[in-house]
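Visitor: One structure follows; several queries about it will come next.
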Amino acid sequence: SILKYEDKWSKWKNEGCPALAKSPDKTLQAKQKNLKRSVKAMDLTSDKFDMGNQTLSDLWNICPDNLAACQDSNRKFTPETFKFFEDSIEQLEPDSGVEKEYYLTNETAFVWRSLRLLARQSVPYFQHIQNTKNLTLTDNLQNIIMLIGKEYKKENGME
């Protein structure tokens, strides 16, 4: 096998070191060109759009005005701030009888969701966090939740 390799190498050298890459087969290129899908022109005057896949087309054509569908009140899945924190406000009240280790604010998933909700709806509460840099994130969140509870009670005349 080494002799065969050496023989091939010698022939290659004697032929002036031609390129080793094969030239592309023209019939193969023609076949590949014919295999490409033709693109249908979109009819912009129609209310229905063909997205190339029946499922995608059905989803796209559910509502004729997609922007209106996105802004629909049924598409708002973010809870109201007080309703989201209602259970944790009750837990944080001194007379609730809930031990600190069982607070919702000790659960990392709850803390993450809370911060996302506050960032989306109640940005001014983050100023409160900046004023108390020496507290942990959980302690800051508990303080913010208590502020939300106090504000809600003031707004609804519960104090």
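Quick note on naming: the chains in the structure tokens go A, B, ... in the order shown, residues restart at 1 in each chain, and ligands are numbered from 1 in order of appearance.
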Hey, what does DSSP flag as alpha helix (DSSP H) within chain A? Can you give it to me as a count of residues only?
Guide: 87
Visitor: Which polymer residues have any atom within 8 Å of an atom of Tyr103 in chain A, counting only C-alpha atoms, with same-chain residues fewer than 6 positions away left out, as a VMD selection string?
Guide: chain A and resid 88 91 to 92
Visitor: Rounded to one decimal in Å, what is the spacing between CA of Phe84 in chain A and CA of Gly97 in chain A?
Guide: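 These two atoms are separated by 20.5 Å.
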Visitor: Excluding Leu115 in chain A and residues on its chain fewer than 3 positions from it, collect all residues at most 12 Å away from it, counting only C-alpha atoms, and give them as a list in words.
Guide: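 Once the adjacent positions are removed, what remains is Thr81, Phe84, Phe85, Thr105, Thr108, Ala109, Phe110, Val111, Trp112, Leu118, Ala119, Arg120, Gln121, Ser122, Val123, Tyr125, Phe126, Ile129, Leu137, Thr138, Asn140, Leu141, Gln142, Ile144 and Ile145 of chain A.
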Visitor: Which residues, written as a ChimeraX atom specification, have at least one atom at most 10 Å from range 65-76 of chain A, with only C-alpha atoms counted and residues fewer than 4 positions away on the same chain left out?
Guide: /A:47,60-61
Visitor: Between CA of Glu80 in chain A and CA of Glu107 in chain A, what is the distance in Å, rounded to a tenth?
Guide: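 Interatomic distance here is 20.1 Å.
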Visitor: Record the distance separating CA of Asp87 in chain A and CA of Asn134 in chain A, expressed in Å with one decimal.
Guide: 26.1 Å
